[in-house]
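Student: final-v4.cif is reproduced below (mmCIF, C-alpha atoms; chains and numbers go by the auth columns).
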data_protein
loop_
_atom_site.group_PDB
_atom_site.id
_atom_site.type_symbol
_atom_site.label_atom_id
_atom_site.label_comp_id
_atom_site.label_asym_id
_atom_site.label_seq_id
_atom_site.Cartn_x
_atom_site.Cartn_y
_atom_site.Cartn_z
_atom_site.B_iso_or_equiv
_atom_site.auth_seq_id
_atom_site.auth_asym_id
ATOM 1 C CA MET A 1 23.169 201.649 26.905 0.00 1 E
ATOM 2 C CA ASP A 2 25.465 199.309 24.976 0.00 2 E
ATOM 3 C CA ALA A 3 28.431 200.504 27.029 0.00 3 E
ATOM 4 C CA PHE A 4 26.537 199.823 30.258 0.00 4 E
ATOM 5 C CA THR A 5 25.531 196.356 29.039 0.00 5 E
ATOM 6 C CA SER A 6 29.086 195.462 28.032 0.00 6 E
ATOM 7 C CA PHE A 7 30.387 196.720 31.387 0.00 7 E
ATOM 8 C CA TYR A 8 27.786 194.633 33.239 0.00 8 E
ATOM 9 C CA ASP A 9 28.651 191.540 31.177 0.00 9 E
ATOM 10 C CA SER A 10 32.357 192.006 31.816 0.00 10 E
ATOM 11 C CA ARG A 11 31.744 192.357 35.574 0.00 11 E
ATOM 12 C CA ARG A 12 29.586 189.238 35.549 0.00 12 E
ATOM 13 C CA ARG A 13 32.252 187.250 33.671 0.00 13 E
ATOM 14 C CA TRP A 14 34.924 188.558 36.038 0.00 14 E
ATOM 15 C CA ASN A 15 32.957 187.386 39.087 0.00 15 E
ATOM 16 C CA TYR A 16 32.314 183.991 37.522 0.00 16 E
ATOM 17 C CA ASP A 17 35.968 183.608 36.548 0.00 17 E
ATOM 18 C CA THR A 18 37.004 184.607 40.044 0.00 18 E
ATOM 19 C CA LEU A 19 34.853 181.906 41.612 0.00 19 E
ATOM 20 C CA LYS A 20 36.241 179.354 39.164 0.00 20 E
ATOM 21 C CA ASN A 21 39.803 180.616 39.407 0.00 21 E
ATOM 22 C CA PHE A 22 41.669 177.349 39.879 0.00 22 E
ATOM 23 C CA ARG A 23 43.894 177.871 36.834 0.00 23 E
ATOM 24 C CA GLN A 24 46.787 178.852 39.091 0.00 24 E
ATOM 25 C CA ILE A 25 46.517 175.487 40.837 0.00 25 E
ATOM 26 C CA SER A 26 48.068 172.681 38.795 0.00 26 E
ATOM 27 C CA PRO A 27 46.281 169.306 38.410 0.00 27 E
ATOM 28 C CA VAL A 28 48.855 167.709 40.722 0.00 28 E
ATOM 29 C CA VAL A 29 48.103 170.216 43.469 0.00 29 E
ATOM 30 C CA GLN A 30 44.364 169.873 42.903 0.00 30 E
ATOM 31 C CA ASN A 31 44.653 166.115 43.355 0.00 31 E
ATOM 32 C CA HIS A 32 46.694 166.716 46.500 0.00 32 E
ATOM 33 C CA LEU A 33 44.002 169.024 47.897 0.00 33 E
ATOM 34 C CA LYS A 34 41.366 166.361 47.254 0.00 34 E
ATOM 35 C CA LYS A 35 43.405 163.917 49.336 0.00 35 E
ATOM 36 C CA VAL A 36 43.853 166.499 52.100 0.00 36 E
ATOM 37 C CA TYR A 37 40.146 167.286 52.400 0.00 37 E
ATOM 38 C CA PHE A 38 39.149 163.632 52.058 0.00 38 E
ATOM 39 C CA THR A 39 41.531 162.691 54.874 0.00 39 E
ATOM 40 C CA LEU A 40 40.254 165.639 56.910 0.00 40 E
ATOM 41 C CA CYS A 41 36.697 164.317 56.615 0.00 41 E
ATOM 42 C CA PHE A 42 37.772 160.957 58.045 0.00 42 E
ATOM 43 C CA ALA A 43 39.602 162.755 60.865 0.00 43 E
ATOM 44 C CA VAL A 44 36.395 164.623 61.742 0.00 44 E
ATOM 45 C CA VAL A 45 34.495 161.307 61.807 0.00 45 E
ATOM 46 C CA ALA A 46 37.156 159.850 64.121 0.00 46 E
ATOM 47 C CA ALA A 47 36.839 162.899 66.416 0.00 47 E
ATOM 48 C CA ALA A 48 33.065 162.446 66.517 0.00 48 E
ATOM 49 C CA ALA A 49 33.607 158.793 67.476 0.00 49 E
ATOM 50 C CA GLY A 50 35.963 159.899 70.260 0.00 50 E
ATOM 51 C CA ALA A 51 33.388 162.351 71.626 0.00 51 E
ATOM 52 C CA TYR A 52 30.725 159.625 71.500 0.00 52 E
ATOM 53 C CA LEU A 53 33.016 157.249 73.392 0.00 53 E
ATOM 54 C CA HIS A 54 33.428 159.861 76.099 0.00 54 E
ATOM 55 C CA VAL A 55 29.662 160.264 76.433 0.00 55 E
ATOM 56 C CA LEU A 56 29.333 156.476 76.796 0.00 56 E
ATOM 57 C CA CYS A 57 32.418 155.631 78.859 0.00 57 E
ATOM 58 C CA ASN A 58 33.658 158.975 80.257 0.00 58 E
ATOM 59 C CA ILE A 59 37.182 158.546 78.870 0.00 59 E
ATOM 60 C CA GLY A 60 37.941 162.163 77.967 0.00 60 E
ATOM 61 C CA GLY A 61 40.302 164.231 80.065 0.00 61 E
ATOM 62 C CA PHE A 62 43.954 165.051 80.636 0.00 62 E
ATOM 63 C CA LEU A 63 45.221 161.648 79.478 0.00 63 E
ATOM 64 C CA THR A 64 43.405 161.822 76.136 0.00 64 E
ATOM 65 C CA SER A 65 44.797 165.347 75.592 0.00 65 E
ATOM 66 C CA VAL A 66 48.327 164.047 76.222 0.00 66 E
ATOM 67 C CA ALA A 67 47.636 161.090 73.920 0.00 67 E
ATOM 68 C CA CYS A 68 46.434 163.467 71.197 0.00 68 E
ATOM 69 C CA VAL A 69 49.598 165.570 71.417 0.00 69 E
ATOM 70 C CA GLY A 70 51.745 162.429 71.508 0.00 70 E
ATOM 71 C CA SER A 71 50.037 160.962 68.450 0.00 71 E
ATOM 72 C CA SER A 72 50.536 164.217 66.535 0.00 72 E
ATOM 73 C CA ILE A 73 54.247 164.386 67.440 0.00 73 E
ATOM 74 C CA TRP A 74 54.680 160.726 66.510 0.00 74 E
ATOM 75 C CA LEU A 75 52.954 161.369 63.168 0.00 75 E
ATOM 76 C CA LEU A 76 55.179 164.355 62.365 0.00 76 E
ATOM 77 C CA SER A 77 58.315 162.374 63.227 0.00 77 E
ATOM 78 C CA THR A 78 57.300 159.410 61.053 0.00 78 E
ATOM 79 C CA PRO A 79 58.760 159.360 57.504 0.00 79 E
ATOM 80 C CA PRO A 80 56.252 160.134 54.719 0.00 80 E
ATOM 81 C CA TYR A 81 56.747 156.758 53.039 0.00 81 E
ATOM 82 C CA GLU A 82 55.114 155.017 56.050 0.00 82 E
ATOM 83 C CA GLU A 83 51.769 156.248 54.803 0.00 83 E
ATOM 84 C CA GLN A 84 49.514 153.678 56.467 0.00 84 E
ATOM 85 C CA LYS A 85 51.119 154.210 59.866 0.00 85 E
ATOM 86 C CA ARG A 86 50.776 157.987 59.585 0.00 86 E
ATOM 87 C CA ILE A 87 47.100 157.744 58.628 0.00 87 E
ATOM 88 C CA THR A 88 46.507 155.462 61.612 0.00 88 E
ATOM 89 C CA LEU A 89 48.248 157.963 63.888 0.00 89 E
ATOM 90 C CA LEU A 90 46.142 160.789 62.464 0.00 90 E
ATOM 91 C CA MET A 91 42.921 158.873 63.103 0.00 91 E
ATOM 92 C CA ALA A 92 44.092 157.977 66.618 0.00 92 E
ATOM 93 C CA GLY A 93 45.021 161.582 67.367 0.00 93 E
ATOM 94 C CA SER A 94 41.650 162.750 66.025 0.00 94 E
ATOM 95 C CA LEU A 95 39.838 160.215 68.189 0.00 95 E
ATOM 96 C CA PHE A 96 41.753 161.368 71.279 0.00 96 E
ATOM 97 C CA GLN A 97 41.009 164.987 70.355 0.00 97 E
ATOM 98 C CA GLY A 98 37.307 164.177 70.119 0.00 98 E
ATOM 99 C CA ALA A 99 37.442 162.437 73.501 0.00 99 E
ATOM 100 C CA SER A 100 39.171 165.496 74.976 0.00 100 E
ATOM 101 C CA ILE A 101 36.328 167.680 73.684 0.00 101 E
ATOM 102 C CA GLY A 102 33.888 165.085 75.056 0.00 102 E
ATOM 103 C CA PRO A 103 33.253 166.820 78.424 0.00 103 E
ATOM 104 C CA LEU A 104 32.187 169.967 76.565 0.00 104 E
ATOM 105 C CA ILE A 105 29.952 167.882 74.294 0.00 105 E
ATOM 106 C CA ASP A 106 28.456 166.179 77.357 0.00 106 E
ATOM 107 C CA LEU A 107 27.712 169.562 78.933 0.00 107 E
ATOM 108 C CA ALA A 108 26.033 170.735 75.726 0.00 108 E
ATOM 109 C CA ILE A 109 23.864 167.587 75.684 0.00 109 E
ATOM 110 C CA HIS A 110 22.562 168.399 79.177 0.00 110 E
ATOM 111 C CA ILE A 111 21.907 172.073 78.356 0.00 111 E
ATOM 112 C CA ASP A 112 20.656 171.931 74.763 0.00 112 E
ATOM 113 C CA PRO A 113 21.633 169.062 72.389 0.00 113 E
ATOM 114 C CA SER A 114 20.761 171.163 69.331 0.00 114 E
ATOM 115 C CA LEU A 115 23.726 173.424 70.097 0.00 115 E
ATOM 116 C CA ILE A 116 26.131 170.670 69.047 0.00 116 E
ATOM 117 C CA PHE A 117 24.638 170.463 65.570 0.00 117 E
ATOM 118 C CA SER A 118 24.485 174.256 65.287 0.00 118 E
ATOM 119 C CA ALA A 119 28.138 174.575 66.315 0.00 119 E
ATOM 120 C CA PHE A 120 29.168 171.897 63.821 0.00 120 E
ATOM 121 C CA VAL A 121 27.257 173.569 60.992 0.00 121 E
ATOM 122 C CA GLY A 122 28.720 176.954 61.891 0.00 122 E
ATOM 123 C CA THR A 123 32.234 175.507 62.009 0.00 123 E
ATOM 124 C CA SER A 124 31.763 173.753 58.668 0.00 124 E
ATOM 125 C CA LEU A 125 30.454 176.909 57.007 0.00 125 E
ATOM 126 C CA ALA A 126 33.294 179.031 58.386 0.00 126 E
ATOM 127 C CA PHE A 127 35.868 176.484 57.272 0.00 127 E
ATOM 128 C CA ALA A 128 34.348 176.085 53.793 0.00 128 E
ATOM 129 C CA CYS A 129 34.066 179.847 53.222 0.00 129 E
ATOM 130 C CA PHE A 130 37.533 180.861 54.394 0.00 130 E
ATOM 131 C CA SER A 131 39.356 177.852 52.983 0.00 131 E
ATOM 132 C CA GLY A 132 37.527 178.337 49.679 0.00 132 E
ATOM 133 C CA ALA A 133 38.422 182.040 49.676 0.00 133 E
ATOM 134 C CA ALA A 134 42.085 181.111 50.111 0.00 134 E
ATOM 135 C CA LEU A 135 41.886 178.676 47.191 0.00 135 E
ATOM 136 C CA VAL A 136 40.283 181.056 44.689 0.00 136 E
ATOM 137 C CA ALA A 137 42.491 184.001 45.663 0.00 137 E
ATOM 138 C CA ARG A 138 45.765 184.745 43.925 0.00 138 E
ATOM 139 C CA ARG A 139 48.696 182.674 45.085 0.00 139 E
ATOM 140 C CA ARG A 140 50.437 184.001 48.205 0.00 140 E
ATOM 141 C CA GLU A 141 47.822 186.781 48.508 0.00 141 E
ATOM 142 C CA TYR A 142 46.999 185.994 52.152 0.00 142 E
ATOM 143 C CA LEU A 143 50.322 184.600 53.335 0.00 143 E
ATOM 144 C CA TYR A 144 51.140 187.951 54.933 0.00 144 E
ATOM 145 C CA LEU A 145 48.415 187.171 57.488 0.00 145 E
ATOM 146 C CA GLY A 146 50.687 184.495 58.939 0.00 146 E
ATOM 147 C CA GLY A 147 52.566 187.045 61.019 0.00 147 E
ATOM 148 C CA LEU A 148 49.355 188.626 62.283 0.00 148 E
ATOM 149 C CA VAL A 149 47.694 185.378 63.356 0.00 149 E
ATOM 150 C CA SER A 150 50.926 184.157 64.949 0.00 150 E
ATOM 151 C CA SER A 151 51.073 187.378 66.968 0.00 151 E
ATOM 152 C CA GLY A 152 47.422 186.910 67.880 0.00 152 E
ATOM 153 C CA LEU A 153 48.115 183.377 69.070 0.00 153 E
ATOM 154 C CA SER A 154 50.995 184.638 71.209 0.00 154 E
ATOM 155 C CA ILE A 155 48.672 187.232 72.762 0.00 155 E
ATOM 156 C CA LEU A 156 46.131 184.493 73.537 0.00 156 E
ATOM 157 C CA LEU A 157 48.782 182.317 75.194 0.00 157 E
ATOM 158 C CA TRP A 158 50.036 185.182 77.353 0.00 158 E
ATOM 159 C CA LEU A 159 46.476 186.157 78.323 0.00 159 E
ATOM 160 C CA HIS A 160 45.672 182.564 79.264 0.00 160 E
ATOM 161 C CA PHE A 161 48.902 182.335 81.264 0.00 161 E
ATOM 162 C CA ALA A 162 48.192 185.601 83.080 0.00 162 E
ATOM 163 C CA SER A 163 44.561 184.717 83.842 0.00 163 E
ATOM 164 C CA SER A 164 45.585 181.308 85.228 0.00 164 E
ATOM 165 C CA ILE A 165 48.008 183.010 87.648 0.00 165 E
ATOM 166 C CA PHE A 166 46.233 186.233 88.578 0.00 166 E
ATOM 167 C CA GLY A 167 42.678 185.184 87.864 0.00 167 E
ATOM 168 C CA GLY A 168 40.560 186.354 84.957 0.00 168 E
ATOM 169 C CA SER A 169 37.310 188.261 84.693 0.00 169 E
ATOM 170 C CA THR A 170 34.291 187.338 82.624 0.00 170 E
ATOM 171 C CA ALA A 171 35.089 190.111 80.153 0.00 171 E
ATOM 172 C CA LEU A 172 38.611 188.744 79.665 0.00 172 E
ATOM 173 C CA PHE A 173 37.232 185.256 79.079 0.00 173 E
ATOM 174 C CA LYS A 174 34.837 186.584 76.445 0.00 174 E
ATOM 175 C CA PHE A 175 37.672 188.463 74.776 0.00 175 E
ATOM 176 C CA GLU A 176 39.770 185.281 74.665 0.00 176 E
ATOM 177 C CA LEU A 177 36.875 183.369 73.111 0.00 177 E
ATOM 178 C CA TYR A 178 36.054 185.815 70.326 0.00 178 E
ATOM 179 C CA PHE A 179 39.630 186.854 69.667 0.00 179 E
ATOM 180 C CA GLY A 180 40.690 183.199 69.584 0.00 180 E
ATOM 181 C CA LEU A 181 37.917 182.455 67.102 0.00 181 E
ATOM 182 C CA LEU A 182 39.174 185.280 64.880 0.00 182 E
ATOM 183 C CA VAL A 183 42.762 184.022 65.132 0.00 183 E
ATOM 184 C CA PHE A 184 41.955 180.451 64.128 0.00 184 E
ATOM 185 C CA VAL A 185 39.708 181.584 61.277 0.00 185 E
ATOM 186 C CA GLY A 186 42.747 183.507 60.049 0.00 186 E
ATOM 187 C CA TYR A 187 44.826 180.359 60.411 0.00 187 E
ATOM 188 C CA ILE A 188 42.440 178.529 58.067 0.00 188 E
ATOM 189 C CA VAL A 189 43.151 181.065 55.331 0.00 189 E
ATOM 190 C CA VAL A 190 46.913 181.093 55.934 0.00 190 E
ATOM 191 C CA ASP A 191 47.270 177.333 56.317 0.00 191 E
ATOM 192 C CA THR A 192 45.249 176.673 53.152 0.00 192 E
ATOM 193 C CA GLN A 193 47.470 178.949 51.081 0.00 193 E
ATOM 194 C CA GLN A 194 50.605 177.498 52.680 0.00 194 E
ATOM 195 C CA ILE A 195 49.434 173.990 51.787 0.00 195 E
ATOM 196 C CA VAL A 196 48.935 175.068 48.177 0.00 196 E
ATOM 197 C CA GLU A 197 52.357 176.719 48.041 0.00 197 E
ATOM 198 C CA LYS A 198 54.112 173.738 49.624 0.00 198 E
ATOM 199 C CA ALA A 199 52.373 171.411 47.179 0.00 199 E
ATOM 200 C CA HIS A 200 53.550 173.557 44.255 0.00 200 E
ATOM 201 C CA PHE A 201 57.109 173.109 45.522 0.00 201 E
ATOM 202 C CA GLY A 202 56.756 169.335 45.837 0.00 202 E
ATOM 203 C CA ASP A 203 55.562 168.860 49.434 0.00 203 E
ATOM 204 C CA LEU A 204 52.652 166.457 48.890 0.00 204 E
ATOM 205 C CA ASP A 205 52.389 165.203 52.471 0.00 205 E
ATOM 206 C CA TYR A 206 48.598 165.192 52.615 0.00 206 E
ATOM 207 C CA VAL A 207 48.463 163.531 56.042 0.00 207 E
ATOM 208 C CA LYS A 208 50.452 166.335 57.688 0.00 208 E
ATOM 209 C CA HIS A 209 48.420 168.964 55.862 0.00 209 E
ATOM 210 C CA ALA A 210 45.154 167.319 56.952 0.00 210 E
ATOM 211 C CA LEU A 211 46.429 167.380 60.545 0.00 211 E
ATOM 212 C CA THR A 212 47.093 171.122 60.244 0.00 212 E
ATOM 213 C CA LEU A 213 43.572 171.869 59.019 0.00 213 E
ATOM 214 C CA PHE A 214 42.021 169.503 61.577 0.00 214 E
ATOM 215 C CA THR A 215 43.743 171.404 64.386 0.00 215 E
ATOM 216 C CA ASP A 216 42.233 174.669 63.115 0.00 216 E
ATOM 217 C CA LEU A 217 38.821 173.048 62.708 0.00 217 E
ATOM 218 C CA ALA A 218 38.789 171.623 66.248 0.00 218 E
ATOM 219 C CA ALA A 219 39.851 174.960 67.767 0.00 219 E
ATOM 220 C CA ILE A 220 37.062 176.811 65.937 0.00 220 E
ATOM 221 C CA PHE A 221 34.436 174.205 66.887 0.00 221 E
ATOM 222 C CA VAL A 222 35.313 174.421 70.595 0.00 222 E
ATOM 223 C CA ARG A 223 35.093 178.211 70.633 0.00 223 E
ATOM 224 C CA ILE A 224 31.823 178.362 68.706 0.00 224 E
ATOM 225 C CA LEU A 225 30.263 175.751 70.993 0.00 225 E
ATOM 226 C CA VAL A 226 31.427 177.569 74.148 0.00 226 E
ATOM 227 C CA ILE A 227 30.016 180.854 72.832 0.00 227 E
ATOM 228 C CA MET A 228 26.692 179.180 72.076 0.00 228 E
ATOM 229 C CA LEU A 229 26.622 177.552 75.526 0.00 229 E
ATOM 230 C CA LYS A 230 27.246 180.873 77.253 0.00 230 E
ATOM 231 C CA ASN A 231 24.533 182.589 75.205 0.00 231 E
ATOM 232 C CA SER A 232 22.089 179.760 75.930 0.00 232 E
ATOM 233 C CA SER A 233 22.844 179.906 79.662 0.00 233 E
ATOM 234 C CA ALA A 234 22.347 183.684 79.658 0.00 234 E
ATOM 235 C CA ARG A 235 18.964 183.288 77.937 0.00 235 E
ATOM 236 C CA ASN A 236 17.889 180.638 80.454 0.00 236 E
ATOM 237 C CA GLU A 237 18.858 182.881 83.355 0.00 237 E
ATOM 238 C CA LYS A 238 16.822 185.755 81.889 0.00 238 E
ATOM 239 C CA LYS A 239 13.798 183.463 81.514 0.00 239 E
ATOM 240 C CA LYS A 240 14.103 182.351 85.145 0.00 240 E
ATOM 241 C CA LYS A 241 14.305 185.960 86.328 0.00 241 E
ATOM 242 C CA ARG A 242 11.186 186.858 84.335 0.00 242 E
ATOM 243 C CA LYS A 243 9.274 183.931 85.847 0.00 243 E
ATOM 244 C CA ASN A 244 10.299 184.893 89.354 0.00 244 E
#
Step by step, read the file and then write its structure as C-alpha cells.
Tutor:
Amino acid sequence: MDAFTSFYDSRRRWNYDTLKNFRQISPVVQNHLKKVYFTLCFAVVAAAAGAYLHVLCNIGGFLTSVACVGSSIWLLSTPPYEEQKRITLLMAGSLFQGASIGPLIDLAIHIDPSLIFSAFVGTSLAFACFSGAALVARRREYLYLGGLVSSGLSILLWLHFASSIFGGSTALFKFELYFGLLVFVGYIVVDTQQIVEKAHFGDLDYVKHALTLFTDLAAIFVRILVIMLKNSSARNEKKKKRKN
C-alpha cells in the first residue's frame, strides 16, 4: 500500500511539474514570449476591426489581400530597430487581413451570427492548447514536425492549383479544409518551438514572431468557420427537406 501511495504521489508530482515546466525557458525568453503574445492580441483586435469595417463599408477583397501581403513583406524588410514602424505595419497588415476575411464574416452573419463566436472560441482554444503544449514540452521536441507540415502545405498548394485548373469535387474541398486545418495546427506547435529556440539564440524580434503566429491563427479561424458554415447549411437543408 505504501509503495502504491508513493508511486501515485510521484506520478502526481511529475504531472504537475510537467505542466509547470518552464525551467528550460530563461527569464529573457519568457519576457520575449509575453511581448509576442501581447502583440498577437493587438493584431487579433486589429483584424476584428478590419472585418467590422468590411461589414460596414464593404472594403474587403482582392486589394485588401494584396495590401496585407505587401504590409507583411514591408514589415519583414524593415530593420528591427524601427520598432514603432514595424508595429504599425503589423497592425495595418492585420487590419487588411481582417478585411479580407470580411466577406466570409458577412456570410456567416446572414446564415448564423453565433457561428462567428463559436469559430473564434474554437480557434482560441486550439491555439492555446497546441501553443501551450509546445511551451511545456522539452526544447526542440516537436521541431521535427516542421518537415511534415511543410510537406502538407505543399500538398495543399498543389491540390488547390489542380482543382482551380481541372475543377474540384465536394469531397476534395472537404479534404482540403480538414487537412489544411491539421497542417496549420501543426504549424502552431512548430512555430512556437522555433520562436523559443530563436529567442534562446538571441533573436528577440517579437513583432516578426507575432506575425508568424497571427498567420497561423487566421488560417485556422477561416477553416473552422468554413467548416461550421458548411455543417450549418447542411443542417438547414435537412430541415427544409423534412418540412417538405
Student: Give as an MDAnalysis selection string each residue that has an atom at most 7 Å from (37.9, 163.2, 74.8) in the file, counting all atoms listed in the file.
Tutor: chainID E and resid 50:51 54 59:61 64 96:103
Student: Under the PyMOL selection byres ((chain E and resi 108) around 12), which residues of this model are included? Write them out as a ChimeraX atom specification.
Tutor: /E:51,55,101-107,109-119,222,224-233
Student: The PyMOL selection byres ((chain E and resi 146) around 10) - which residues does that actually catch in the file I just gave you? List them as a list in words.
Tutor: Tyr142, Leu143, Tyr144, Leu145, Gly147, Leu148, Val149, Ser150, Ser151, Gly152, Gly186, Tyr187, Val189, Val190, Asp191 and Gln194 of chain E
Student: What does the distance from CA of Leu156 (chain E) to CA of Arg223 (chain E) come to in Å, to one decimal?
Tutor: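 Distance reported for this atom pair: 13.0 Å.
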Student: What is the distance between CA of Ala219 (chain E) and CA of Ser65 (chain E), in Å to one decimal?
Tutor: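 Taking CA of Ala219 (chain E) as the start and CA of Ser65 (chain E) as the end point, the length is 13.3 Å.
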Student: Could you work out how far CA of Asp216 (chain E) lies from CA of Phe201 (chain E), giving the answer in Å with one decimal?
Tutor: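 A separation of 23.1 Å between them.
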Student: Mind running region 154-185 of chain E against region 123-130 of chain E at 12 Å and telling me each contacting residue's nearest atom pair with the distance in Å (one decimal), counting all atoms listed in the file, chain and number ascending, as CSV?
Tutor:
residue,atom,partner,partner_atom,distance
E:Leu181,CA,E:Thr123,CA,10.3
E:Leu182,CA,E:Ala126,CA,10.8
E:Phe184,CA,E:Phe127,CA,10.0
E:Val185,CA,E:Phe130,CA,7.3
